[in-house]
>>> print(open('protein-v3.txt').read())   # compact mmCIF, C-alpha atoms and all ligand atoms
# COMPACT_ATOMS: atom_id res chain seq x y z
CA MET A 1 -64.54 19.76 29.20
CA SER A 2 -60.87 18.96 28.45
CA LYS A 3 -59.39 15.48 29.02
CA ASP A 4 -57.05 16.95 31.71
CA LEU A 5 -59.96 18.48 33.63
CA ARG A 6 -61.99 15.25 33.43
CA LEU A 7 -59.04 13.30 34.86
CA PHE A 8 -58.49 15.89 37.61
CA ILE A 9 -62.15 15.81 38.66
CA SER A 10 -62.26 12.00 38.61
CA GLN A 11 -59.25 11.93 40.96
CA ILE A 12 -60.77 14.56 43.29
CA MET A 13 -63.73 12.21 43.61
CA SER A 14 -61.73 9.01 44.10
CA ARG A 15 -58.81 10.40 46.21
CA PRO A 16 -60.07 13.63 47.85
CA HIS A 17 -57.52 13.49 50.72
CA GLU A 18 -54.60 13.43 48.29
CA VAL A 19 -55.78 15.97 45.72
CA VAL A 20 -57.32 18.52 48.15
CA ALA A 21 -58.24 21.08 45.48
CA LEU A 22 -61.35 22.34 43.71
CA ALA A 23 -59.61 22.68 40.34
CA PRO A 24 -56.15 22.56 38.76
CA SER A 25 -53.98 25.65 39.33
CA SER A 26 -54.84 28.56 37.01
CA ASP A 27 -52.39 30.11 34.53
CA GLY A 28 -51.91 33.09 36.86
CA LEU A 29 -51.00 30.87 39.82
CA CYS A 30 -48.72 28.69 37.68
CA GLN A 31 -46.85 31.75 36.36
CA GLU A 32 -46.28 33.03 39.91
CA MET A 33 -45.05 29.58 41.03
CA VAL A 34 -42.37 29.45 38.32
CA ALA A 35 -41.27 33.12 38.37
CA GLY A 36 -37.49 33.39 38.58
CA LEU A 37 -36.66 29.89 37.30
CA ASP A 38 -33.54 30.06 35.14
CA PRO A 39 -32.42 27.38 32.65
CA ALA A 40 -28.79 28.11 33.61
CA LYS A 41 -29.28 27.47 37.33
CA GLY A 42 -29.65 23.68 37.48
CA PRO A 43 -32.38 21.10 37.96
CA VAL A 44 -35.90 21.71 39.24
CA ILE A 45 -38.08 19.39 41.33
CA GLU A 46 -41.86 19.59 41.14
CA LEU A 47 -43.98 17.97 43.86
CA GLY A 48 -47.60 16.89 43.34
CA ALA A 49 -47.69 17.48 39.58
CA GLY A 50 -51.31 16.37 39.08
CA THR A 51 -52.36 16.84 35.45
CA GLY A 52 -49.31 19.03 34.75
CA ASN A 53 -50.40 22.67 34.68
CA ILE A 54 -47.36 23.74 36.72
CA THR A 55 -45.15 21.26 34.82
CA ARG A 56 -46.06 23.08 31.59
CA ALA A 57 -45.29 26.47 33.14
CA ILE A 58 -41.88 25.23 34.38
CA LEU A 59 -41.00 24.08 30.86
CA GLY A 60 -42.30 27.43 29.58
CA ARG A 61 -39.48 29.12 31.54
CA GLY A 62 -37.00 27.32 29.28
CA ILE A 63 -36.10 24.54 31.73
CA ALA A 64 -35.01 21.50 29.67
CA PRO A 65 -37.42 18.58 30.26
CA GLU A 66 -34.47 16.36 31.26
CA MET A 67 -33.68 18.84 34.06
CA LEU A 68 -37.16 18.59 35.56
CA HIS A 69 -38.06 15.89 38.11
CA SER A 70 -41.83 15.71 38.65
CA VAL A 71 -42.92 13.73 41.72
CA GLU A 72 -46.48 12.44 41.89
CA MET A 73 -47.91 9.56 43.94
CA ASN A 74 -51.14 9.02 41.96
CA PRO A 75 -50.63 6.37 39.22
CA MET A 76 -53.34 7.81 36.94
CA PHE A 77 -51.72 11.25 37.03
CA CYS A 78 -48.27 9.68 36.42
CA THR A 79 -49.47 7.86 33.29
CA HIS A 80 -50.97 11.13 32.03
CA LEU A 81 -47.76 13.08 32.80
CA CYS A 82 -45.55 10.52 31.01
CA ASP A 83 -47.77 10.76 27.91
CA ALA A 84 -47.95 14.56 27.95
CA PHE A 85 -44.29 15.23 28.83
CA PRO A 86 -42.28 12.23 27.55
CA ARG A 87 -38.84 13.78 28.26
CA VAL A 88 -39.61 14.93 31.82
CA ASN A 89 -38.42 12.64 34.65
CA VAL A 90 -41.73 11.54 36.19
CA HIS A 91 -41.30 9.74 39.53
CA GLN A 92 -44.28 7.82 40.87
CA MET A 93 -43.50 8.07 44.58
CA SER A 94 -44.31 9.98 47.74
CA ALA A 95 -42.76 13.41 48.16
CA CYS A 96 -41.69 12.16 51.62
CA ASP A 97 -38.98 10.03 49.96
CA LEU A 98 -37.15 12.74 48.04
CA ASP A 99 -33.77 11.68 49.49
CA ASP A 100 -34.12 8.43 47.48
CA LEU A 101 -33.67 10.45 44.26
CA GLY A 102 -30.24 11.65 45.42
CA LEU A 103 -30.61 14.99 43.61
CA LYS A 104 -28.30 17.88 44.55
CA ASN A 105 -27.87 21.54 43.59
CA VAL A 106 -31.52 21.87 42.66
CA GLN A 107 -32.46 25.53 42.00
CA ALA A 108 -36.06 25.24 43.25
CA VAL A 109 -38.60 22.78 44.58
CA ILE A 110 -41.99 23.83 43.19
CA SER A 111 -44.69 22.24 45.33
CA GLY A 112 -48.33 21.80 44.32
CA LEU A 113 -48.86 19.54 47.34
CA PRO A 114 -51.64 20.20 49.84
CA LEU A 115 -48.85 20.67 52.39
CA LEU A 116 -50.75 22.30 55.25
CA SER A 117 -53.38 19.56 55.24
CA MET A 118 -50.66 16.96 55.97
CA PRO A 119 -49.52 15.89 59.46
CA ILE A 120 -46.51 17.87 60.66
CA ALA A 121 -44.26 14.76 60.61
CA VAL A 122 -45.04 14.33 56.90
CA GLN A 123 -44.41 18.04 56.24
CA ARG A 124 -41.05 17.68 58.03
CA ASP A 125 -39.98 14.75 55.80
CA ILE A 126 -40.95 16.69 52.68
CA LEU A 127 -39.19 19.89 53.78
CA ARG A 128 -36.03 18.09 54.93
CA GLY A 129 -35.81 16.08 51.69
CA SER A 130 -36.35 19.26 49.69
CA PHE A 131 -33.66 21.27 51.48
CA ASN A 132 -31.24 18.31 51.25
CA SER A 133 -31.66 18.48 47.46
CA LEU A 134 -31.61 22.26 47.07
CA ALA A 135 -28.52 24.35 46.30
CA PRO A 136 -27.61 26.64 49.23
CA GLU A 137 -29.53 29.54 47.72
CA GLY A 138 -32.34 27.40 46.32
CA SER A 139 -35.95 27.94 47.29
CA PHE A 140 -38.96 25.85 48.24
CA VAL A 141 -42.04 27.34 46.54
CA GLN A 142 -45.51 26.52 47.86
CA PHE A 143 -48.94 28.03 47.29
CA THR A 144 -51.70 28.20 49.83
CA TYR A 145 -55.37 29.17 49.78
CA GLY A 146 -55.32 30.15 53.47
CA PRO A 147 -54.23 33.30 55.36
CA ASN A 148 -51.05 31.83 56.92
CA PRO A 149 -47.63 30.94 55.44
CA SER A 150 -47.78 27.62 53.63
CA VAL A 151 -45.33 25.79 55.96
CA HIS A 152 -46.29 25.00 59.59
CA SER A 153 -44.93 27.61 62.03
CA ASP A 154 -42.99 24.99 64.09
CA LEU A 155 -41.18 23.84 60.97
CA ARG A 156 -40.41 27.39 59.89
CA LYS A 157 -38.63 27.86 63.22
CA GLU A 158 -37.00 24.42 63.28
CA LEU A 159 -35.55 24.84 59.78
CA THR A 160 -34.81 28.57 60.26
CA LEU A 161 -36.73 29.45 57.13
CA SER A 162 -37.12 32.96 55.70
CA TRP A 163 -39.82 33.67 53.16
CA THR A 164 -41.40 36.09 50.73
CA ARG A 165 -45.07 36.20 49.85
CA SER A 166 -46.75 37.07 46.55
CA ASP A 167 -49.81 39.24 46.11
CA LYS A 168 -53.07 37.36 46.20
CA ILE A 169 -53.83 35.67 42.89
CA TRP A 170 -57.55 36.27 42.50
CA ARG A 171 -57.88 34.41 39.21
CA ASN A 172 -57.62 31.00 40.82
CA LEU A 173 -60.20 28.72 42.40
CA PRO A 174 -59.97 29.51 45.27
CA PRO A 175 -57.68 32.60 45.27
CA ALA A 176 -54.16 31.75 46.45
CA ARG A 177 -50.78 33.18 47.42
CA VAL A 178 -47.31 31.85 46.65
CA TYR A 179 -44.60 31.65 49.32
CA ARG A 180 -40.87 31.21 48.61
CA PHE A 181 -38.90 29.72 51.52
CA THR A 182 -35.12 29.83 51.80
CA ARG A 183 -32.57 28.92 54.47
CA PRO A 184 -29.73 31.19 55.61
CA VAL A 185 -26.52 30.65 53.64
CA HIS A 186 -23.53 30.18 56.01
C1 LIG B 201 -53.69 20.30 44.79
S1 LIG B 201 -53.23 18.98 43.65
C2 LIG B 201 -52.12 19.96 42.63
C3 LIG B 201 -52.03 19.47 41.22
C4 LIG B 201 -51.29 20.40 40.27
N1 LIG B 201 -49.90 20.60 40.66
C5 LIG B 201 -51.95 21.76 40.18
O1 LIG B 201 -51.44 22.70 40.81
O2 LIG B 201 -52.97 21.86 39.49
C6 LIG B 201 -52.15 18.05 44.73
C7 LIG B 201 -51.37 16.92 44.04
O3 LIG B 201 -50.46 16.38 45.00
C8 LIG B 201 -50.44 14.95 44.87
N2 LIG B 201 -49.96 14.41 46.16
C9 LIG B 201 -50.59 14.45 47.36
N3 LIG B 201 -49.81 13.90 48.32
C10 LIG B 201 -48.64 13.54 47.71
C11 LIG B 201 -47.43 12.95 48.18
N4 LIG B 201 -47.25 12.62 49.47
N5 LIG B 201 -46.44 12.72 47.29
C12 LIG B 201 -46.59 13.04 45.97
N6 LIG B 201 -47.73 13.60 45.47
C13 LIG B 201 -48.73 13.85 46.32
C14 LIG B 201 -51.88 14.61 44.52
O4 LIG B 201 -51.98 13.34 43.91
C15 LIG B 201 -52.24 15.76 43.57
O5 LIG B 201 -51.86 15.46 42.25
>>> encode(input="protein-v3.txt", output="structure tokens")
Amino acid sequence: MSKDLRLFISQIMSRPHEVVALAPSSDGLCQEMVAGLDPAKGPVIELGAGTGNITRAILGRGIAPEMLHSVEMNPMFCTHLCDAFPRVNVHQMSACDLDDLGLKNVQAVISGLPLLSMPIAVQRDILRGSFNSLAPEGSFVQFTYGPNPSVHSDLRKELTLSWTRSDKIWRNLPPARVYRFTRPVH
């Protein structure tokens, strides 16, 4: 078993309500999460980076490590991320406090958070902080294992979100879909 997988499993056991996953995201899911990222289009924020599978895929799209801000609240995961990706901006903090980073014109927020398992007030803080940071045409990208869109329906209405949905990614445990949410550009 790899060192990354051992760390992931140890954190599922010690912090199940924060990790909320059976395994790290598969290559297929990671590739769908990062599709469309463009090194010329500005910074990227990643939420809930864990052991860094999606981080690696973001960098694989040619995004410069200095342009990537990876947010993770778990200190063990943050230490691992800093070792594995020394030039990425790793922020040990809650995704609820994104406004504190003061980032603007972000091309995409790529979220590995267990968003739908969070209270709606927490989801609202995360979504508002994300859209405050995003460029007008930027997108909030979130996977889900369930049948419904990966942002609560009240928030989709409140924030006037539109979305697209990927095909089901069967090679993931469990199978998942990726949603891309955007807001109307005025
Ligand atoms: C489902 S795991 C995803 C890990 C990794 N991105 C992947 O896809 O394999 C969820 C991650 O979100 C982190 N997390 C949960 N709540 C958070 C919060 N409020 N702020 C920042 N990170 C959070 C957990 O510590 C965990 O690393």
>>> atom_distance(input="protein-v3.txt", atom1="atom CA of Ser10 of chain A", atom2="atom CA of Val90 of chain A")
20.7 Å
>>> residues_around(input="protein-v3.txt", residues="Leu134 of chain A", least_positions_apart="6", cutoff="9 Å", atoms="all atoms listed in the file", output="list of chain:residue names")
A:Val44, A:Leu103, A:Lys104, A:Asn105, A:Val106, A:Gln107, A:Ala108, A:Val109, A:Phe140
>>> write_last_selection(input="protein-v3.txt", atoms="C-alpha atoms", output="short mmCIF file (atom, residue, chain, number, x, y, z; two decimals), keeping the file's coordinate frame")
data_model
loop_
_atom_site.label_atom_id
_atom_site.label_comp_id
_atom_site.auth_asym_id
_atom_site.auth_seq_id
_atom_site.Cartn_x
_atom_site.Cartn_y
_atom_site.Cartn_z
CA VAL A 44 -35.90 21.71 39.24
CA LEU A 103 -30.61 14.99 43.61
CA LYS A 104 -28.30 17.88 44.55
CA ASN A 105 -27.87 21.54 43.59
CA VAL A 106 -31.52 21.87 42.66
CA GLN A 107 -32.46 25.53 42.00
CA ALA A 108 -36.06 25.24 43.25
CA VAL A 109 -38.60 22.78 44.58
CA PHE A 140 -38.96 25.85 48.24
#
>>> residues_near_ligand(input="protein-v3.txt", ligand="ligand LIG 201 (chain B)", cutoff="7 Å", atoms="all atoms listed in the file", output="VMD selection string")
chain A and resid 18 to 21 23 to 25 47 to 54 71 to 74 77 93 to 96 112 to 114
>>> residues_around(input="protein-v3.txt", residues="Arg156 of chain A", least_positions_apart="4", cutoff="10 Å", atoms="all atoms listed in the file", output="list of chain:residue names")
A:Arg124, A:Leu127, A:Pro149, A:Ser150, A:Val151, A:His152, A:Thr160, A:Leu161, A:Ser162, A:Trp163, A:Phe181, A:Thr182, A:Arg183
>>> atom_distance(input="protein-v3.txt", atom1="atom CA of Asp4 of chain A", atom2="atom CA of Ser26 of chain A")
13.0 Å
>>> build_atoms(input="protein-v3.txt", residues="segment 46-67 of chain A", atoms="N, CA and C atoms", output="PDB file, in the coordinates of the input")
ATOM      1  N   GLU A  46     -40.459  19.215  40.953  1.00  0.00           N
ATOM      2  CA  GLU A  46     -41.860  19.590  41.140  1.00  0.00           C
ATOM      3  C   GLU A  46     -42.520  18.512  41.998  1.00  0.00           C
ATOM      4  N   LEU A  47     -43.284  18.924  42.987  1.00  0.00           N
ATOM      5  CA  LEU A  47     -43.980  17.970  43.860  1.00  0.00           C
ATOM      6  C   LEU A  47     -45.482  18.059  43.634  1.00  0.00           C
ATOM      7  N   GLY A  48     -46.136  16.910  43.503  1.00  0.00           N
ATOM      8  CA  GLY A  48     -47.600  16.890  43.340  1.00  0.00           C
ATOM      9  C   GLY A  48     -48.009  17.480  42.006  1.00  0.00           C
ATOM     10  N   ALA A  49     -47.526  16.871  40.906  1.00  0.00           N
ATOM     11  CA  ALA A  49     -47.690  17.480  39.580  1.00  0.00           C
ATOM     12  C   ALA A  49     -49.114  17.399  39.042  1.00  0.00           C
ATOM     13  N   GLY A  50     -49.911  16.461  39.524  1.00  0.00           N
ATOM     14  CA  GLY A  50     -51.310  16.370  39.080  1.00  0.00           C
ATOM     15  C   GLY A  50     -51.409  16.160  37.576  1.00  0.00           C
ATOM     16  N   THR A  51     -52.216  16.981  36.905  1.00  0.00           N
ATOM     17  CA  THR A  51     -52.360  16.840  35.450  1.00  0.00           C
ATOM     18  C   THR A  51     -51.326  17.685  34.691  1.00  0.00           C
ATOM     19  N   GLY A  52     -50.465  18.418  35.416  1.00  0.00           N
ATOM     20  CA  GLY A  52     -49.310  19.030  34.750  1.00  0.00           C
ATOM     21  C   GLY A  52     -49.401  20.501  34.403  1.00  0.00           C
ATOM     22  N   ASN A  53     -50.332  21.230  34.996  1.00  0.00           N
ATOM     23  CA  ASN A  53     -50.400  22.670  34.680  1.00  0.00           C
ATOM     24  C   ASN A  53     -49.110  23.386  35.082  1.00  0.00           C
ATOM     25  N   ILE A  54     -48.608  23.077  36.282  1.00  0.00           N
ATOM     26  CA  ILE A  54     -47.360  23.740  36.720  1.00  0.00           C
ATOM     27  C   ILE A  54     -46.169  23.168  35.946  1.00  0.00           C
ATOM     28  N   THR A  55     -46.221  21.881  35.629  1.00  0.00           N
ATOM     29  CA  THR A  55     -45.150  21.260  34.820  1.00  0.00           C
ATOM     30  C   THR A  55     -44.967  22.061  33.519  1.00  0.00           C
ATOM     31  N   ARG A  56     -46.093  22.351  32.869  1.00  0.00           N
ATOM     32  CA  ARG A  56     -46.060  23.080  31.590  1.00  0.00           C
ATOM     33  C   ARG A  56     -45.458  24.471  31.792  1.00  0.00           C
ATOM     34  N   ALA A  57     -45.818  25.121  32.883  1.00  0.00           N
ATOM     35  CA  ALA A  57     -45.290  26.470  33.140  1.00  0.00           C
ATOM     36  C   ALA A  57     -43.788  26.416  33.432  1.00  0.00           C
ATOM     37  N   ILE A  58     -43.330  25.373  34.115  1.00  0.00           N
ATOM     38  CA  ILE A  58     -41.880  25.230  34.380  1.00  0.00           C
ATOM     39  C   ILE A  58     -41.140  25.105  33.047  1.00  0.00           C
ATOM     40  N   LEU A  59     -41.651  24.258  32.169  1.00  0.00           N
ATOM     41  CA  LEU A  59     -41.000  24.080  30.860  1.00  0.00           C
ATOM     42  C   LEU A  59     -41.070  25.384  30.059  1.00  0.00           C
ATOM     43  N   GLY A  60     -42.135  26.135  30.258  1.00  0.00           N
ATOM     44  CA  GLY A  60     -42.300  27.430  29.580  1.00  0.00           C
ATOM     45  C   GLY A  60     -41.244  28.445  29.986  1.00  0.00           C
ATOM     46  N   ARG A  61     -40.583  28.230  31.123  1.00  0.00           N
ATOM     47  CA  ARG A  61     -39.480  29.120  31.540  1.00  0.00           C
ATOM     48  C   ARG A  61     -38.170  28.748  30.859  1.00  0.00           C
ATOM     49  N   GLY A  62     -38.217  27.725  29.993  1.00  0.00           N
ATOM     50  CA  GLY A  62     -37.000  27.320  29.280  1.00  0.00           C
ATOM     51  C   GLY A  62     -36.222  26.216  29.972  1.00  0.00           C
ATOM     52  N   ILE A  63     -36.771  25.668  31.055  1.00  0.00           N
ATOM     53  CA  ILE A  63     -36.100  24.540  31.730  1.00  0.00           C
ATOM     54  C   ILE A  63     -36.160  23.329  30.801  1.00  0.00           C
ATOM     55  N   ALA A  64     -35.015  22.688  30.543  1.00  0.00           N
ATOM     56  CA  ALA A  64     -35.010  21.500  29.670  1.00  0.00           C
ATOM     57  C   ALA A  64     -35.788  20.386  30.364  1.00  0.00           C
ATOM     58  N   PRO A  65     -36.614  19.639  29.622  1.00  0.00           N
ATOM     59  CA  PRO A  65     -37.420  18.580  30.260  1.00  0.00           C
ATOM     60  C   PRO A  65     -36.568  17.597  31.054  1.00  0.00           C
ATOM     61  N   GLU A  66     -35.354  17.320  30.568  1.00  0.00           N
ATOM     62  CA  GLU A  66     -34.470  16.360  31.260  1.00  0.00           C
ATOM     63  C   GLU A  66     -33.996  16.902  32.609  1.00  0.00           C
ATOM     64  N   MET A  67     -34.109  18.210  32.799  1.00  0.00           N
ATOM     65  CA  MET A  67     -33.680  18.840  34.060  1.00  0.00           C
ATOM     66  C   MET A  67     -34.821  18.941  35.070  1.00  0.00           C
TER      67      MET A  67
END
